[in-house]
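Shown here: final_25.txt, compact mmCIF, C-alpha atoms.
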```txt
# COMPACT_ATOMS: atom_id res chain seq x y z
CA MET A 1245 -26.83 -27.73 44.93
CA TYR A 1246 -23.26 -27.50 43.63
CA THR A 1247 -23.74 -30.73 41.65
CA GLU A 1248 -26.72 -29.18 39.88
CA LEU A 1249 -24.65 -26.09 39.08
CA LYS A 1250 -21.89 -28.24 37.57
CA TRP A 1251 -24.36 -30.10 35.35
CA ARG A 1252 -25.92 -26.88 34.13
CA ARG A 1253 -22.50 -25.39 33.44
CA ALA A 1254 -21.59 -28.50 31.46
CA LYS A 1255 -24.83 -28.16 29.48
CA ILE A 1256 -24.15 -24.50 28.64
CA PHE A 1257 -20.58 -25.30 27.62
CA PHE A 1258 -21.51 -28.26 25.41
CA PHE A 1259 -24.45 -26.75 23.55
CA GLY A 1260 -22.68 -23.41 23.17
CA PHE A 1261 -19.68 -25.29 21.77
CA VAL A 1262 -21.80 -27.14 19.21
CA GLN A 1263 -23.67 -23.94 18.32
CA TYR A 1264 -20.55 -22.08 17.28
CA MET A 1265 -19.02 -25.23 15.81
CA PHE A 1266 -21.70 -25.23 13.12
CA ILE A 1267 -21.29 -21.50 12.53
CA HIS A 1268 -17.70 -22.22 11.52
CA CYS A 1269 -18.78 -25.31 9.62
CA THR A 1270 -20.65 -23.01 7.21
CA ARG A 1271 -17.52 -20.89 6.71
CA SER A 1272 -15.16 -23.76 5.90
CA THR A 1273 -17.79 -25.31 3.65
CA TRP A 1274 -18.03 -22.09 1.66
CA SER A 1275 -14.24 -21.88 1.45
CA TYR A 1276 -13.97 -25.35 -0.05
CA VAL A 1277 -16.95 -25.00 -2.38
CA SER A 1278 -15.92 -21.58 -3.71
CA ALA A 1279 -12.43 -22.94 -4.53
CA LYS A 1280 -14.17 -25.45 -6.82
CA PHE A 1281 -15.93 -22.81 -8.93
CA ASN A 1282 -12.97 -22.52 -11.29
CA ASP A 1283 -13.27 -26.24 -12.09
CA ASP A 1284 -16.38 -25.43 -14.14
CA PRO A 1285 -16.03 -21.83 -15.40
CA GLU A 1286 -18.85 -22.27 -17.92
CA VAL A 1287 -21.35 -22.88 -15.15
CA TYR A 1288 -19.91 -20.51 -12.50
CA LYS A 1289 -19.20 -17.59 -14.79
CA GLY A 1290 -17.32 -14.61 -13.41
CA PHE A 1291 -16.18 -16.23 -10.14
CA THR A 1292 -12.57 -15.18 -10.57
CA ASP A 1293 -10.11 -15.05 -7.70
CA GLN A 1294 -10.63 -11.30 -7.53
CA PHE A 1295 -14.40 -11.62 -7.33
CA LEU A 1296 -14.17 -14.31 -4.66
CA SER A 1297 -11.97 -11.91 -2.71
CA TYR A 1298 -14.77 -9.33 -2.96
CA ILE A 1299 -17.21 -11.87 -1.55
CA ASN A 1300 -14.88 -12.72 1.33
CA PHE A 1301 -14.23 -9.01 1.88
CA SER A 1302 -17.96 -8.23 2.06
CA PHE A 1303 -18.63 -11.14 4.40
CA LEU A 1304 -15.88 -10.16 6.85
CA LEU A 1305 -16.48 -6.42 6.56
CA PHE A 1306 -20.14 -6.64 7.49
CA TYR A 1307 -19.39 -9.38 10.02
CA GLY A 1308 -17.00 -6.95 11.71
CA PHE A 1309 -19.48 -4.08 11.62
CA SER A 1310 -22.16 -6.43 12.92
CA ILE A 1311 -20.02 -7.47 15.89
CA LEU A 1312 -19.09 -3.88 16.70
CA GLY A 1313 -22.66 -2.67 16.35
CA PHE A 1314 -24.47 -5.55 18.02
CA GLY A 1315 -21.94 -6.11 20.84
CA GLN A 1316 -23.43 -3.40 23.05
CA ILE A 1317 -26.93 -4.74 22.38
CA GLY A 1318 -25.86 -8.14 23.71
CA ASP A 1319 -25.05 -6.58 27.08
CA ARG A 1320 -28.57 -5.09 27.27
CA ILE A 1321 -30.98 -7.84 26.18
CA SER A 1322 -31.46 -11.58 26.68
CA LEU A 1323 -28.27 -13.30 25.53
CA LYS A 1324 -30.17 -16.34 24.29
CA VAL A 1325 -32.42 -14.22 22.10
CA PHE A 1326 -29.38 -12.25 20.93
CA ILE A 1327 -27.46 -15.39 19.92
CA LEU A 1328 -30.28 -17.37 18.33
CA THR A 1329 -31.67 -14.46 16.31
CA GLY A 1330 -28.37 -14.38 14.48
CA THR A 1331 -27.84 -18.12 14.13
CA PHE A 1332 -31.33 -18.86 12.82
CA SER A 1333 -30.93 -16.05 10.29
CA ALA A 1334 -27.49 -17.31 9.26
CA SER A 1335 -28.76 -20.88 8.74
CA ILE A 1336 -31.61 -19.68 6.50
CA ILE A 1337 -29.35 -17.38 4.46
CA PHE A 1338 -26.71 -20.10 4.01
CA GLY A 1339 -29.41 -22.54 2.96
CA MET A 1340 -30.50 -20.02 0.32
CA ILE A 1341 -26.92 -19.96 -0.96
CA GLY A 1342 -27.10 -23.74 -1.42
CA ILE A 1343 -30.42 -23.51 -3.26
CA PHE A 1344 -29.27 -20.72 -5.55
CA LEU A 1345 -26.11 -22.67 -6.41
CA HIS A 1346 -28.50 -24.95 -8.28
CA TYR A 1347 -30.69 -22.32 -9.93
CA GLU A 1348 -28.63 -19.12 -10.17
CA GLN A 1349 -25.01 -20.21 -10.64
CA HIS A 1350 -24.38 -17.43 -13.15
CA ASN A 1351 -25.59 -14.63 -10.85
CA ARG A 1352 -22.39 -13.87 -8.93
CA TRP A 1353 -23.75 -10.63 -7.46
CA LEU A 1354 -26.54 -12.56 -5.76
CA PHE A 1355 -23.96 -14.63 -3.88
CA LEU A 1356 -22.05 -11.53 -2.86
CA PHE A 1357 -25.28 -10.09 -1.45
CA LEU A 1358 -26.19 -13.30 0.39
CA MET A 1359 -22.71 -13.66 1.91
CA THR A 1360 -22.95 -10.04 3.06
CA LEU A 1361 -26.23 -10.83 4.83
CA ASN A 1362 -24.61 -13.97 6.22
CA GLY A 1363 -21.81 -11.89 7.75
CA ILE A 1364 -24.33 -9.58 9.43
CA ALA A 1365 -26.34 -12.50 10.82
CA GLN A 1366 -23.30 -14.28 12.28
CA GLY A 1367 -22.21 -11.20 14.25
CA THR A 1368 -24.21 -12.07 17.36
CA ALA A 1369 -22.97 -15.58 18.06
CA TRP A 1370 -19.42 -15.27 19.42
CA THR A 1371 -19.91 -12.17 21.58
CA GLY A 1372 -23.14 -13.57 22.98
CA LEU A 1373 -21.63 -16.94 23.81
CA MET A 1374 -18.58 -15.36 25.43
CA ALA A 1375 -20.83 -13.20 27.61
CA MET A 1376 -22.96 -16.21 28.53
CA LEU A 1377 -19.93 -18.30 29.49
CA ASN A 1378 -18.57 -15.39 31.50
CA ASN A 1379 -21.81 -15.36 33.48
CA TRP A 1380 -21.66 -19.06 34.25
CA PHE A 1381 -17.94 -19.61 34.83
CA THR A 1382 -16.15 -17.40 37.31
CA ASP A 1383 -13.49 -19.59 38.92
CA TYR A 1384 -9.80 -18.98 38.54
CA LYS A 1385 -9.35 -21.62 35.80
CA LYS A 1386 -11.74 -19.89 33.41
CA PRO A 1387 -8.97 -18.93 30.92
CA ILE A 1388 -8.14 -22.61 30.39
CA LEU A 1389 -11.82 -23.47 29.94
CA LEU A 1390 -12.24 -20.69 27.38
CA GLY A 1391 -9.17 -21.92 25.54
CA CYS A 1392 -10.90 -25.29 25.26
CA PHE A 1393 -14.16 -23.64 24.17
CA ALA A 1394 -12.41 -21.70 21.39
CA ALA A 1395 -11.60 -25.07 19.80
CA CYS A 1396 -15.23 -25.13 18.63
CA GLN A 1397 -14.10 -23.01 15.68
CA ASN A 1398 -11.55 -25.62 14.65
CA VAL A 1399 -13.89 -28.57 15.12
CA GLY A 1400 -16.45 -26.72 12.99
CA ASN A 1401 -13.91 -26.13 10.24
CA ILE A 1402 -12.97 -29.80 10.29
CA MET A 1403 -16.65 -30.72 10.13
CA GLY A 1404 -17.01 -28.53 7.03
CA ASP A 1405 -14.01 -30.23 5.44
CA ILE A 1406 -15.58 -33.62 6.20
CA TYR A 1407 -18.90 -32.56 4.64
CA CYS A 1408 -17.08 -31.41 1.50
CA GLY A 1409 -14.72 -34.38 1.38
CA GLN A 1410 -17.59 -36.85 1.70
CA PHE A 1411 -20.24 -35.24 -0.48
CA ILE A 1412 -17.97 -33.82 -3.20
CA GLY A 1413 -14.73 -35.77 -3.01
CA ARG A 1414 -16.15 -39.24 -2.33
CA TYR A 1415 -19.66 -39.26 -3.74
CA ASN A 1416 -19.15 -36.57 -6.43
CA ASP A 1417 -22.31 -34.76 -5.40
CA SER A 1418 -23.21 -31.26 -6.49
CA LEU A 1419 -21.50 -28.34 -4.76
CA LYS A 1420 -24.81 -27.37 -3.19
CA VAL A 1421 -25.04 -30.55 -1.07
CA PRO A 1422 -22.40 -29.72 1.61
CA ILE A 1423 -23.76 -26.14 1.74
CA LEU A 1424 -27.26 -27.41 2.47
CA ALA A 1425 -25.93 -29.96 4.99
CA ALA A 1426 -24.07 -27.24 6.91
CA ALA A 1427 -27.11 -24.93 6.86
CA LEU A 1428 -29.40 -27.70 8.14
CA SER A 1429 -26.94 -28.57 10.91
CA LEU A 1430 -26.81 -24.93 12.07
CA PHE A 1431 -30.60 -24.61 12.01
CA THR A 1432 -31.00 -27.84 14.00
CA ILE A 1433 -28.63 -26.88 16.82
CA SER A 1434 -30.18 -23.40 16.97
CA PHE A 1435 -33.60 -25.00 17.46
CA ILE A 1436 -32.26 -27.31 20.18
CA ASN A 1437 -30.66 -24.35 21.96
CA ILE A 1438 -34.03 -22.66 22.37
CA PHE A 1439 -34.46 -25.16 25.21
CA THR A 1440 -30.88 -25.55 26.48
CA LEU A 1441 -29.10 -22.17 26.65
CA GLU A 1442 -29.58 -20.01 29.76
CA ASN A 1443 -28.50 -16.39 30.14
CA LYS A 1444 -27.09 -16.66 33.66
CA PRO A 1445 -27.32 -18.80 36.81
CA ASP A 1446 -30.36 -18.58 39.07
CA SER A 1447 -30.07 -16.57 42.27
CA LYS A 1448 -30.07 -19.80 44.29
CA PHE A 1449 -26.48 -20.36 43.11
CA ASP A 1450 -25.23 -16.97 44.36
CA GLU A 1451 -23.24 -18.55 47.19
CA PHE A 1452 -20.95 -20.22 44.62
CA PHE A 1453 -20.02 -16.97 42.87
CA PRO A 1454 -17.52 -14.37 44.16
CA LYS A 1455 -18.87 -11.14 45.58
CA GLN A 1456 -17.70 -7.71 44.54
CA ASP A 1457 -14.58 -6.26 46.13
CA GLU A 1458 -15.99 -3.32 48.09
CA GLU A 1459 -12.63 -1.60 48.51
CA LEU A 1460 -12.00 -1.79 44.77
CA ILE A 1461 -15.47 -0.44 44.02
CA GLN A 1462 -14.87 2.59 46.22
CA LYS A 1463 -11.63 3.34 44.40
CA ASP A 1464 -13.26 3.16 40.97
CA LYS A 1465 -16.65 4.77 41.43
CA ILE A 1466 -17.31 5.06 37.73
CA TYR A 1467 -17.83 1.28 37.79
CA GLN A 1468 -19.67 1.19 41.13
CA GLU A 1469 -22.93 0.10 39.55
CA GLU A 1470 -23.08 -2.85 37.21
CA LYS A 1471 -24.01 -0.95 34.07
CA PRO A 1472 -23.15 -1.79 30.45
CA LEU A 1473 -20.06 0.00 29.17
CA THR A 1474 -20.27 2.44 26.31
CA PHE A 1475 -18.18 1.73 23.24
CA ILE A 1476 -15.71 4.50 24.12
CA GLN A 1477 -15.33 3.30 27.74
CA ALA A 1478 -14.64 -0.24 26.52
CA ILE A 1479 -11.93 0.92 24.11
CA PHE A 1480 -9.99 2.44 27.00
CA VAL A 1481 -10.11 -0.64 29.21
CA PRO A 1482 -6.37 -1.36 29.67
CA GLY A 1483 -5.01 -3.66 26.98
CA VAL A 1484 -8.00 -3.62 24.64
CA ILE A 1485 -6.39 -1.50 21.92
CA PHE A 1486 -3.14 -3.50 21.75
CA TYR A 1487 -4.88 -6.86 21.79
CA ALA A 1488 -7.38 -5.69 19.14
CA LEU A 1489 -4.57 -4.56 16.82
CA ALA A 1490 -2.73 -7.85 17.28
CA PHE A 1491 -5.89 -9.88 16.85
CA GLY A 1492 -6.58 -8.13 13.54
CA CYS A 1493 -3.32 -9.51 12.13
CA VAL A 1494 -3.83 -12.98 13.58
CA LYS A 1495 -7.42 -13.17 12.36
CA ALA A 1496 -6.27 -12.14 8.90
CA ILE A 1497 -3.79 -15.05 8.90
CA TYR A 1498 -6.45 -17.46 10.16
CA TYR A 1499 -8.96 -16.45 7.49
CA ASN A 1500 -6.31 -16.36 4.80
CA LEU A 1501 -5.59 -20.00 5.57
CA GLY A 1502 -9.29 -20.84 5.68
CA PHE A 1503 -10.31 -19.02 2.50
CA TRP A 1504 -7.16 -19.21 0.36
CA LEU A 1505 -5.08 -22.25 1.32
CA PRO A 1506 -6.99 -24.56 -1.08
CA LYS A 1507 -6.50 -22.03 -3.89
CA TYR A 1508 -2.77 -21.71 -3.06
CA LEU A 1509 -2.26 -25.48 -3.06
CA ILE A 1510 -3.90 -25.80 -6.47
CA SER A 1511 -1.74 -22.96 -7.82
CA VAL A 1512 1.48 -24.76 -6.80
CA GLY A 1513 0.38 -28.09 -8.27
CA GLN A 1514 -0.92 -29.86 -5.14
CA THR A 1515 -4.30 -30.94 -6.54
CA THR A 1516 -4.97 -34.01 -4.37
CA ASP A 1517 -5.78 -34.40 -0.67
CA ILE A 1518 -6.42 -30.67 -0.38
CA GLU A 1519 -9.18 -31.11 2.22
CA TRP A 1520 -6.85 -33.10 4.47
CA ILE A 1521 -4.02 -30.58 4.21
CA ASN A 1522 -6.49 -27.75 4.86
CA ALA A 1523 -7.88 -29.52 7.93
CA GLN A 1524 -4.44 -29.64 9.58
CA THR A 1525 -4.69 -25.94 10.46
CA ASP A 1526 -7.61 -26.74 12.72
CA VAL A 1527 -6.26 -30.07 13.94
CA GLY A 1528 -3.20 -28.19 15.20
CA SER A 1529 -5.19 -25.25 16.56
CA ILE A 1530 -7.13 -27.37 19.04
CA PRO A 1531 -4.16 -28.50 21.19
CA GLY A 1532 -2.38 -25.21 20.43
CA GLY A 1533 -5.13 -23.09 21.97
CA ILE A 1534 -5.35 -25.29 25.06
CA ILE A 1535 -1.57 -25.41 25.57
CA ILE A 1536 -1.04 -21.66 25.10
CA CYS A 1537 -3.97 -20.81 27.41
CA SER A 1538 -2.69 -23.25 30.05
CA ILE A 1539 0.89 -21.96 29.96
CA GLY A 1540 -0.33 -18.38 30.06
CA TYR A 1541 -2.57 -19.16 33.02
CA TYR A 1542 0.05 -20.90 35.12
CA TRP A 1543 2.78 -18.39 34.31
CA HIS A 1544 0.48 -15.36 34.55
CA LYS A 1545 2.18 -13.98 31.42
CA ARG A 1546 -0.09 -14.45 28.42
CA SER A 1547 1.62 -12.03 26.02
CA VAL A 1548 5.01 -13.46 26.99
CA VAL A 1549 3.74 -16.81 25.69
CA VAL A 1550 1.81 -15.50 22.68
CA VAL A 1551 4.64 -13.46 21.12
CA PRO A 1552 7.19 -16.34 20.85
CA SER A 1553 4.39 -18.52 19.45
CA LEU A 1554 3.88 -15.94 16.71
CA TRP A 1555 7.61 -15.95 15.95
CA ILE A 1556 7.75 -19.74 15.72
CA GLY A 1557 4.65 -19.78 13.52
CA CYS A 1558 6.28 -17.15 11.31
CA CYS A 1559 9.35 -19.35 10.76
CA ILE A 1560 7.21 -22.38 9.92
CA MET A 1561 5.21 -20.43 7.33
CA ILE A 1562 8.39 -19.21 5.68
CA GLY A 1563 9.40 -22.86 5.38
CA ILE A 1564 6.04 -23.85 3.84
CA ASN A 1565 6.63 -21.36 1.05
CA TYR A 1566 9.43 -23.61 -0.25
CA VAL A 1567 7.71 -27.00 0.16
CA GLN A 1568 6.38 -26.71 -3.42
CA TYR A 1569 9.91 -27.47 -4.67
CA VAL A 1570 10.02 -30.85 -2.88
CA ALA A 1571 9.49 -33.93 -5.09
CA HIS A 1572 6.69 -35.45 -2.97
CA PRO A 1573 5.39 -32.63 -0.78
CA LEU A 1574 2.18 -34.11 0.69
CA THR A 1575 3.72 -35.24 3.98
CA ASP A 1576 5.62 -31.97 4.34
CA TYR A 1577 2.47 -29.93 3.74
CA ILE A 1578 0.46 -31.93 6.26
CA THR A 1579 3.16 -31.72 8.93
CA MET A 1580 4.03 -28.05 8.52
CA VAL A 1581 0.43 -26.86 8.19
CA PHE A 1582 -0.33 -28.80 11.39
CA PHE A 1583 2.42 -26.93 13.25
CA THR A 1584 1.25 -23.65 11.74
CA GLY A 1585 -2.13 -24.39 13.28
CA LEU A 1586 -0.50 -25.38 16.57
CA PHE A 1587 1.21 -22.01 16.98
CA MET A 1588 -0.83 -19.54 14.90
CA GLY A 1589 -4.22 -21.14 15.49
CA GLY A 1590 -3.39 -21.54 19.15
CA VAL A 1591 -2.70 -17.81 19.40
CA TYR A 1592 -5.95 -17.08 17.53
CA ASN A 1593 -8.02 -19.16 19.95
CA ASN A 1594 -6.26 -17.56 22.90
CA LEU A 1595 -6.87 -13.99 21.71
CA CYS A 1596 -10.49 -14.34 20.66
CA GLY A 1597 -11.54 -16.37 23.69
CA ALA A 1598 -9.62 -16.30 26.93
CA ILE A 1599 -7.87 -12.94 26.55
CA ALA A 1600 -10.94 -11.07 25.25
CA VAL A 1601 -13.02 -12.19 28.23
CA GLU A 1602 -10.20 -11.61 30.69
CA LEU A 1603 -9.94 -8.03 29.41
CA SER A 1604 -13.60 -7.53 30.26
CA ASN A 1605 -12.80 -8.82 33.76
CA ASN A 1606 -10.17 -6.14 34.29
CA PRO A 1607 -9.91 -5.20 38.01
CA LYS A 1608 -11.66 -1.89 37.28
CA LEU A 1609 -14.64 -3.87 35.97
CA LYS A 1610 -14.60 -6.51 38.67
CA ASN A 1611 -17.68 -8.74 38.36
CA ASN A 1612 -19.36 -6.39 35.89
CA LYS A 1613 -20.84 -9.04 33.63
CA LYS A 1614 -22.49 -6.39 31.50
CA SER A 1615 -19.17 -5.42 29.93
CA THR A 1616 -18.21 -8.73 28.32
CA ALA A 1617 -20.06 -8.57 24.99
CA THR A 1618 -18.95 -4.97 24.43
CA VAL A 1619 -15.25 -5.64 25.08
CA VAL A 1620 -15.27 -8.89 23.08
CA SER A 1621 -17.03 -7.08 20.22
CA ILE A 1622 -14.20 -4.53 20.00
CA VAL A 1623 -11.41 -7.12 19.91
CA VAL A 1624 -13.18 -9.55 17.56
CA GLY A 1625 -14.98 -6.87 15.53
CA TYR A 1626 -11.80 -4.96 14.71
CA GLY A 1627 -10.15 -8.28 13.85
CA ALA A 1628 -12.89 -9.04 11.33
CA LEU A 1629 -12.63 -5.57 9.78
CA PHE A 1630 -8.86 -5.88 9.37
CA ALA A 1631 -9.21 -9.40 7.96
CA SER A 1632 -11.82 -8.16 5.48
CA SER A 1633 -9.49 -5.52 4.02
CA ASP A 1634 -6.78 -8.16 3.85
CA GLN A 1635 -8.95 -10.25 1.52
CA LEU A 1636 -8.50 -7.61 -1.19
CA ILE A 1637 -4.71 -8.03 -1.00
CA VAL A 1638 -4.36 -11.81 -0.94
CA PRO A 1639 -5.30 -12.50 -4.61
CA TYR A 1640 -2.27 -10.44 -5.65
CA VAL A 1641 0.19 -12.27 -3.38
CA VAL A 1642 -1.00 -15.87 -3.78
CA SER A 1643 2.40 -16.92 -5.15
CA LYS A 1644 4.01 -15.64 -1.91
CA PHE A 1645 1.04 -16.59 0.26
CA PHE A 1646 2.94 -17.88 3.29
CA LEU A 1647 5.61 -15.17 3.17
CA TYR A 1648 2.85 -12.56 3.32
CA ASN A 1649 1.25 -14.29 6.31
CA SER A 1650 4.64 -14.41 8.01
CA PHE A 1651 4.81 -10.64 7.75
CA LEU A 1652 1.39 -10.37 9.42
CA ALA A 1653 2.60 -12.61 12.27
CA LEU A 1654 5.58 -10.34 12.90
CA LEU A 1655 3.29 -7.29 12.86
CA ALA A 1656 0.99 -8.91 15.43
CA SER A 1657 3.93 -9.66 17.72
CA ALA A 1658 5.06 -6.03 17.48
CA PHE A 1659 1.66 -4.82 18.73
CA LEU A 1660 1.96 -7.13 21.76
CA ILE A 1661 5.42 -5.99 22.88
CA PRO A 1662 3.93 -3.22 25.12
CA MET A 1663 1.68 -5.85 26.74
CA ILE A 1664 4.73 -7.95 27.69
CA VAL A 1665 6.16 -4.98 29.58
CA SER A 1666 2.77 -4.32 31.17
CA GLU A 1667 2.29 -7.94 32.27
CA VAL A 1668 5.73 -8.21 33.85
CA SER A 1669 5.22 -4.93 35.74
CA ARG A 1670 1.69 -5.83 36.78
CA LYS A 1671 2.77 -9.17 38.18
CA GLU A 1672 5.19 -7.47 40.55
CA ILE A 1673 2.50 -5.05 41.71
CA ASN A 1674 -0.07 -7.81 42.15
CA LYS A 1675 2.31 -9.81 44.32
CA ASP A 1676 2.13 -7.02 46.85
CA GLN A 1677 -1.61 -6.50 46.51
CA ASN A 1678 -2.39 -10.24 46.41
CA ILE A 1679 -4.60 -9.79 43.37
CA GLU A 1680 -4.64 -12.70 40.99
CA LEU A 1681 -4.25 -11.91 37.28
```

Can you turn what I pasted into structure tokens?
Amino acid sequence: MYTELKWRRAKIFFFGFVQYMFIHCTRSTWSYVSAKFNDDPEVYKGFTDQFLSYINFSFLLFYGFSILGFGQIGDRISLKVFILTGTFSASIIFGMIGIFLHYEQHNRWLFLFLMTLNGIAQGTAWTGLMAMLNNWFTDYKKPILLGCFAACQNVGNIMGDIYCGQFIGRYNDSLKVPILAAALSLFTISFINIFTLENKPDSKFDEFFPKQDEELIQKDKIYQEEKPLTFIQAIFVPGVIFYALAFGCVKAIYYNLGFWLPKYLISVGQTTDIEWINAQTDVGSIPGGIIICSIGYYWHKRSVVVVPSLWIGCCIMIGINYVQYVAHPLTDYITMVFFTGLFMGGVYNNLCGAIAVELSNNPKLKNNKKSTATVVSIVVGYGALFASSDQLIVPYVVSKFFLYNSFLALLASAFLIPMIVSEVSRKEINKDQNIEL
């Protein structure tokens, strides 16, 4: 029986991983393709840096609203239906973007509208997958597993860079080709997941899942029944507000790198190997997320690990700002962007995955699986909203791109200082109560 449970858990993990991998593949593909619009201004008229910032702003703004609005729905309906409704819609909309790149290149407002719809459609995937994984994985090493799962975002970004590097860089195909390839990939995995994703384990596996703590339930009667949280209740789950504020800054950095790093490199004269430099953010984020989650798990002090990582990442980004003055900067860019991904991307994966789900598993919500999507939606949704407003600022600070992102890293660390105090105090209390963080 337990062997069957392990295989089904592995299936959920793998196909969920690939599902969100191709969501992020569409985002990195758009980032690369949109940076190429200025290469042919006669064809792609009006796609200035400012207008591209409006497109990115609209995408992230409505993505954030979608997460915040749909998060509570995910705790009330079938998670598989919730996830796939969004991913099928996103694949179709992104495919339309590829088609219209061929027929309507001059109509910039059409692309703004389609990217807005794309942001709305993608709002179901992450919260739904986090809730599904929280249903299937309940053992004490779940934070490490979720740190590994969050790497799907980075693998997807790398996949988008590969699509663009192969179809545009190597074969000199039209800009629409990698867009259509990413859309088809997302549609295909969404179709496969009709048959592979499962909302939660069958009742026959109940013996392998922890039972509710009756003493804790009696102390916190508001959570006595496993009911979905309201938005207001979720906001006041301890730690949610501080982590959401910090995640907003970190997500802004992550999307600044994804959307604007190619444009920054071109502006400072680095016109070759851009896709490989850009990919280093995600190459570094994969081990970074796993390492930070693992250290946080074994030390039981996640904020204590995250804050120094933000400081180190800040110092590295300040250094990158001056690489443009080096005679042959390619190696320096690749190395330093990799370490930026290791520390900043690692923090991003930790906040949006392991910490968001662990917040929903707060002792007051013990085993309430109907809270996960709501809590995750607040942390990730606010992050997307903050990152969207940030897109309006970046075009005006491109020359100081990494210095600006360093400031955001310091701001994120400041929001997490209260959580360091809380974690240290809580560890001492939990030693006496024998409650594992």

Box dimensions and centre (Å, one decimal) enclosing stretch 1288-1299 of chain A, axis-aligned, 4 Å extra per side, as JSON:
```
{"center_x": -15.0, "center_y": -14.9, "center_z": -8.2, "size_x": 17.8, "size_y": 19.2, "size_z": 21.2}
```

message: Could you list, as JSON, numbers by chain, every residue within 12 Å of A:Ile1497, counting only C-alpha atoms and ignoring same-chain residues fewer than 3 positions away?
response: {"A": [1490, 1491, 1492, 1493, 1494, 1500, 1501, 1502, 1503, 1504, 1505, 1525, 1554, 1557, 1558, 1561, 1584, 1585, 1587, 1588, 1589, 1591, 1592, 1627, 1628, 1630, 1631, 1632, 1634, 1635, 1638, 1645, 1646, 1647, 1648, 1649, 1650, 1651, 1652, 1653, 1654, 1655, 1656]}

field: A:Ser1643 environment, 9 Å, all atoms listed in the file, sequence neighbours closer than 5 positions dropped, as a PyMOL selection string
entry: chain A and resi 1508+1511-1512+1565

Which residue of A:Gln1316, A:Ser1297, A:Gln1524, A:Thr1516 approaches A:Ala1478 most closely, using only C-alpha atoms: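 The answer is A:Gln1316, which sits nearest to A:Ala1478.
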
query: Using only C-alpha atoms, which residues sit within 6 Å of A:Met1403 once same-chain residues fewer than 3 positions away are excluded, as a list in words?
result: Cys1269, Gly1400 and Ile1406 of chain A

Write a file of the selected residues as a compact mmCIF listing (two decimals), in the frame of the given file, keeping C-alpha atoms.
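As written to disk, part-v1.txt reads:
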```txt
# COMPACT_ATOMS: atom_id res chain seq x y z
CA CYS A 1269 -18.78 -25.31 9.62
CA GLY A 1400 -16.45 -26.72 12.99
CA ILE A 1406 -15.58 -33.62 6.20
```

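Across the structure, atom CA of A:Gly1342 and atom CA of A:Val1421 are spaced 7.1 Å apart.
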
task: To one decimal in Å, tell me the separation between atom CA of A:Glu1248 and atom CA of A:Thr1329.
output: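 Result for atom CA of A:Glu1248 versus atom CA of A:Thr1329: 28.2 Å, one decimal.
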
- prompt: What is the distance, in Å and to one decimal place, between atom CA of A:Ile1267 and atom CA of A:Ile1433?
  reply: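 Separating atom CA of A:Ile1267 from atom CA of A:Ile1433 is a distance of 10.1 Å.
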
query: Which polymer residues have any atom within 10 Å of an atom of A:Phe1266, counting all atoms listed in the file, with same-chain residues fewer than 5 positions away left out, as a VMD selection string?
result: chain A and resid 1261 1271 to 1272 1331 1335 1396 to 1397 1399 to 1401 1403 to 1404 1426 to 1434

Keeping only C-alpha atoms, take the residues you just selected and write them out as a PDB file, keeping the file's coordinate frame.
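Listing of out18.pdb after writing:
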```
ATOM      1  CA  PHE A1261     -19.680 -25.290  21.770  1.00  0.00           C
ATOM      2  CA  ARG A1271     -17.520 -20.890   6.710  1.00  0.00           C
ATOM      3  CA  SER A1272     -15.160 -23.760   5.900  1.00  0.00           C
ATOM      4  CA  THR A1331     -27.840 -18.120  14.130  1.00  0.00           C
ATOM      5  CA  SER A1335     -28.760 -20.880   8.740  1.00  0.00           C
ATOM      6  CA  CYS A1396     -15.230 -25.130  18.630  1.00  0.00           C
ATOM      7  CA  GLN A1397     -14.100 -23.010  15.680  1.00  0.00           C
ATOM      8  CA  VAL A1399     -13.890 -28.570  15.120  1.00  0.00           C
ATOM      9  CA  GLY A1400     -16.450 -26.720  12.990  1.00  0.00           C
ATOM     10  CA  ASN A1401     -13.910 -26.130  10.240  1.00  0.00           C
ATOM     11  CA  MET A1403     -16.650 -30.720  10.130  1.00  0.00           C
ATOM     12  CA  GLY A1404     -17.010 -28.530   7.030  1.00  0.00           C
ATOM     13  CA  ALA A1426     -24.070 -27.240   6.910  1.00  0.00           C
ATOM     14  CA  ALA A1427     -27.110 -24.930   6.860  1.00  0.00           C
ATOM     15  CA  LEU A1428     -29.400 -27.700   8.140  1.00  0.00           C
ATOM     16  CA  SER A1429     -26.940 -28.570  10.910  1.00  0.00           C
ATOM     17  CA  LEU A1430     -26.810 -24.930  12.070  1.00  0.00           C
ATOM     18  CA  PHE A1431     -30.600 -24.610  12.010  1.00  0.00           C
ATOM     19  CA  THR A1432     -31.000 -27.840  14.000  1.00  0.00           C
ATOM     20  CA  ILE A1433     -28.630 -26.880  16.820  1.00  0.00           C
ATOM     21  CA  SER A1434     -30.180 -23.400  16.970  1.00  0.00           C
TER      22      SER A1434
END
```
